[in-house]
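Working notes for the structure below.
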Amino acid sequence: MLHAIVMAGGSGTRFWPASRAALPKQLLPLAGDRTLLEDTAARLDGLVPAERIMVVTSARLLEAARRQLPQVPESGLVGEPCKRDTAPCIGLAALLVSRHDPDATMAVMPSDHVIRPSESFQAAIRQAAALVEARPGRLVTFGIRPTYPAEGFGYIQQGEPLTVGPGTAAAHTVARFREKPPASVAREYLAAGTYLWNAGIFVWKAKTILAALAERQPEMLERLARIAAAWDTPRRDHVFAAEFAAIKGISIDYAVLEHATDVAVIEAPFTWDDLGGWSAVARQRGADEHGNTIVGRHLGIDSTGTIVHAGDGHLVVTMGLANMLVVHTPDATLVAERTHEEAVRKVVAELETRGWNEYL
């Protein structure tokens with residue numbers, strides 16, 4: 001059966017000060033009326049029943065996730081005691097779903113992407129599941145056709161074309177995974193036409209990814225297996241905290257995918273935005289006749305190309321601003337040129353250095 005694994009443990013530091021440790025970007029309505037987590041779960045409606053959805057997040061975010069996703073049963077909410085990247089997250093999820101469904105197929109996805117329309121996303125997941133059923137040892141990932149020479153994404157080089165099962169999206173073997181490139185290399189990738197952005201969405205058999213982790217990350221898998229063995233016992237929390245903290249964090253790309261020999265990539269037939277910074281809010285919400293994107297109450301005078309994000313009931317007035325970013329929360333306000341939005345994460349690092357943890 002198909003199971004959905006939603007990875008919801010990110011911190012979203014580039015969306016500070018709206019995104020905080022206790023309420024990161026996936027729990028915020030950045031792209032519309034629903035939060036990104038709510039939108040991710042809604043995208044699964046009709047594809048996977050709620051009892052086969054597992055949300056893996058930080059332990060401190062469990063209650064917030066529970067409030068936002070009341071349809072997901074308690075057994076489907078997993079709170080990691082510390083952050084250890086995607087490979088331990090996925091490995092534990094594979095062990096947990098395998099307890100009741102040894103032949104489970106996993107669709108693994110982040111919680112902070114904007115994907116539309118849902119129908120195209122579901123069709124692509126079904127196509128990926130068909131690729132896996134045809135070759136149960138296969139790992140399937142999704143790629144996005146590049147629209148500009150992005151330096152902030154990993155790339156996937158397409159190999160030979162594949163045809164199997166339902167779905168009309170182009171599918172290929174993966175020739176090679178490429179790291180985030182410098183601008184000159186990104187331009188070469190774009191011109192070549194055979195490279196896709198790595199979307200970080202995967203489909204595979206739980207037993208396949210566990211076998212790969214056993215080969216590439218045996219110590220990690222041993223610790224995860226101890227956690228799974230204690231899952232329904234009174235020792236669960238103690239074992240989870242001790243064993244998970246002892247794991248060295250690593251992404252699933254580095255741990256498995258870049259070493260695997262049977263990997264396929266489907267070119268996404270849906271629109272995709274990973275919401276990497278505040279300009280993504282402008283892309284998703286659009287702009288007024290002056291090029292301003294406004295969330296909240298705003299009075300703009302001679303202001304153009306500016307993003308304003310304000311809390312409920314707070315009025316932000318801008319005068320003579322051009323291409324600026326203004327984000328107001330009850331205890332912190334960010335004012336920056338939009339060209340500096342990638343540096344917002346440096347603010348969080350500086351706050352940590354100064355010990356101003358109340359603003360994190």
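Chain lettering (A, B, ...) mirrors the order of the structure tokens, residue numbering begins at 1 for each chain separately, and ligand numbering begins at 1 in order of display.
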Exercise. Looking only at the backbone, which of the residues in range 4-253 of chain A does DSSP tag as strand (DSSP E), as number ranges by chain?
Worked result: A: 4-8, 53-58, 77-80, 105-110, 114-116, 139-144, 155-162, 171-178, 195-205
Just write the chosen residues, C-alpha atoms, as a short mmCIF file (atom, residue, chain, number, x, y, z; two decimals), in the first residue's frame.
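Once written, part09.cif looks like this:
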data_model
loop_
_atom_site.label_atom_id
_atom_site.label_comp_id
_atom_site.auth_asym_id
_atom_site.auth_seq_id
_atom_site.Cartn_x
_atom_site.Cartn_y
_atom_site.Cartn_z
CA ALA A 4 2.77 9.32 2.68
CA ILE A 5 5.66 10.54 4.82
CA VAL A 6 5.62 14.29 5.42
CA MET A 7 8.87 15.79 6.69
CA ALA A 8 7.92 18.81 8.80
CA ILE A 53 -0.08 9.58 6.56
CA MET A 54 2.92 9.99 8.85
CA VAL A 55 4.14 13.45 9.80
CA VAL A 56 7.68 13.54 11.18
CA THR A 57 8.46 16.82 12.90
CA SER A 58 10.31 18.19 15.91
CA LEU A 77 2.57 12.02 14.40
CA VAL A 78 6.23 11.52 15.22
CA GLY A 79 8.27 14.09 17.13
CA GLU A 80 12.05 13.86 16.77
CA THR A 105 5.52 1.96 -0.75
CA MET A 106 6.52 5.35 0.64
CA ALA A 107 5.89 8.74 -0.92
CA VAL A 108 8.23 11.08 0.96
CA MET A 109 7.81 14.86 0.75
CA PRO A 110 8.71 18.08 2.55
CA VAL A 114 3.85 24.95 -2.78
CA ILE A 115 2.63 22.52 -5.44
CA ARG A 116 -0.28 23.03 -7.82
CA LEU A 139 14.29 4.59 -6.09
CA VAL A 140 12.27 7.38 -7.71
CA THR A 141 12.82 11.10 -7.27
CA PHE A 142 11.23 14.18 -8.83
CA GLY A 143 12.90 16.95 -10.77
CA ILE A 144 11.78 20.42 -11.76
CA TYR A 155 20.58 19.23 -9.85
CA ILE A 156 19.73 15.86 -11.37
CA GLN A 157 21.23 14.86 -14.71
CA GLN A 158 18.75 12.85 -16.79
CA GLY A 159 19.79 9.57 -18.37
CA GLU A 160 17.86 7.17 -20.59
CA PRO A 161 14.07 7.65 -20.97
CA LEU A 162 11.68 5.29 -19.17
CA ALA A 171 10.68 9.79 -16.76
CA HIS A 172 14.38 8.97 -17.08
CA THR A 173 17.09 7.06 -15.33
CA VAL A 174 19.31 9.28 -13.22
CA ALA A 175 22.74 9.71 -14.76
CA ARG A 176 24.13 11.68 -11.84
CA PHE A 177 23.26 13.95 -8.93
CA ARG A 178 25.02 17.30 -8.90
CA TYR A 195 19.33 18.82 -15.93
CA LEU A 196 16.48 19.21 -13.44
CA TRP A 197 16.31 20.83 -10.04
CA ASN A 198 16.14 18.27 -7.26
CA ALA A 199 12.69 18.67 -5.66
CA GLY A 200 13.39 16.48 -2.63
CA ILE A 201 10.28 14.34 -3.23
CA PHE A 202 10.73 10.55 -3.37
CA VAL A 203 8.85 7.28 -3.90
CA TRP A 204 10.25 3.84 -3.05
CA LYS A 205 9.61 0.63 -1.15
#
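Within range 82-115 of chain A, DSSP applied to the backbone places the following residues in alpha helix (DSSP H): Thr86, Ala87, Pro88, Cys89, Ile90, Gly91, Leu92, Ala93, Ala94, Leu95, Leu96, Val97 and Ser98 of chain A.
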Those same residues, written as a compact mmCIF listing (two decimals), in the first residue's frame with C-alpha atoms?
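The file below, again_25.txt, is the result:
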# COMPACT_ATOMS: atom_id res chain seq x y z
CA THR A 86 16.50 13.60 6.33
CA ALA A 87 18.16 10.17 6.29
CA PRO A 88 17.37 9.30 9.96
CA CYS A 89 13.89 10.80 9.53
CA ILE A 90 13.15 8.64 6.49
CA GLY A 91 14.79 5.54 7.93
CA LEU A 92 12.69 5.68 11.10
CA ALA A 93 9.52 6.27 9.09
CA ALA A 94 10.34 3.23 6.93
CA LEU A 95 10.81 1.05 10.00
CA LEU A 96 7.56 2.24 11.56
CA VAL A 97 5.37 1.73 8.48
CA SER A 98 6.98 -1.66 7.85
For this session: To one decimal in Å, tell me the separation between CA of Gly137 in chain A and CA of Thr208 in chain A.
Result: 5.7 Å
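If you look at CA of Pro73 in chain A and CA of Pro49 in chain A, they are 10.7 Å away from each other.
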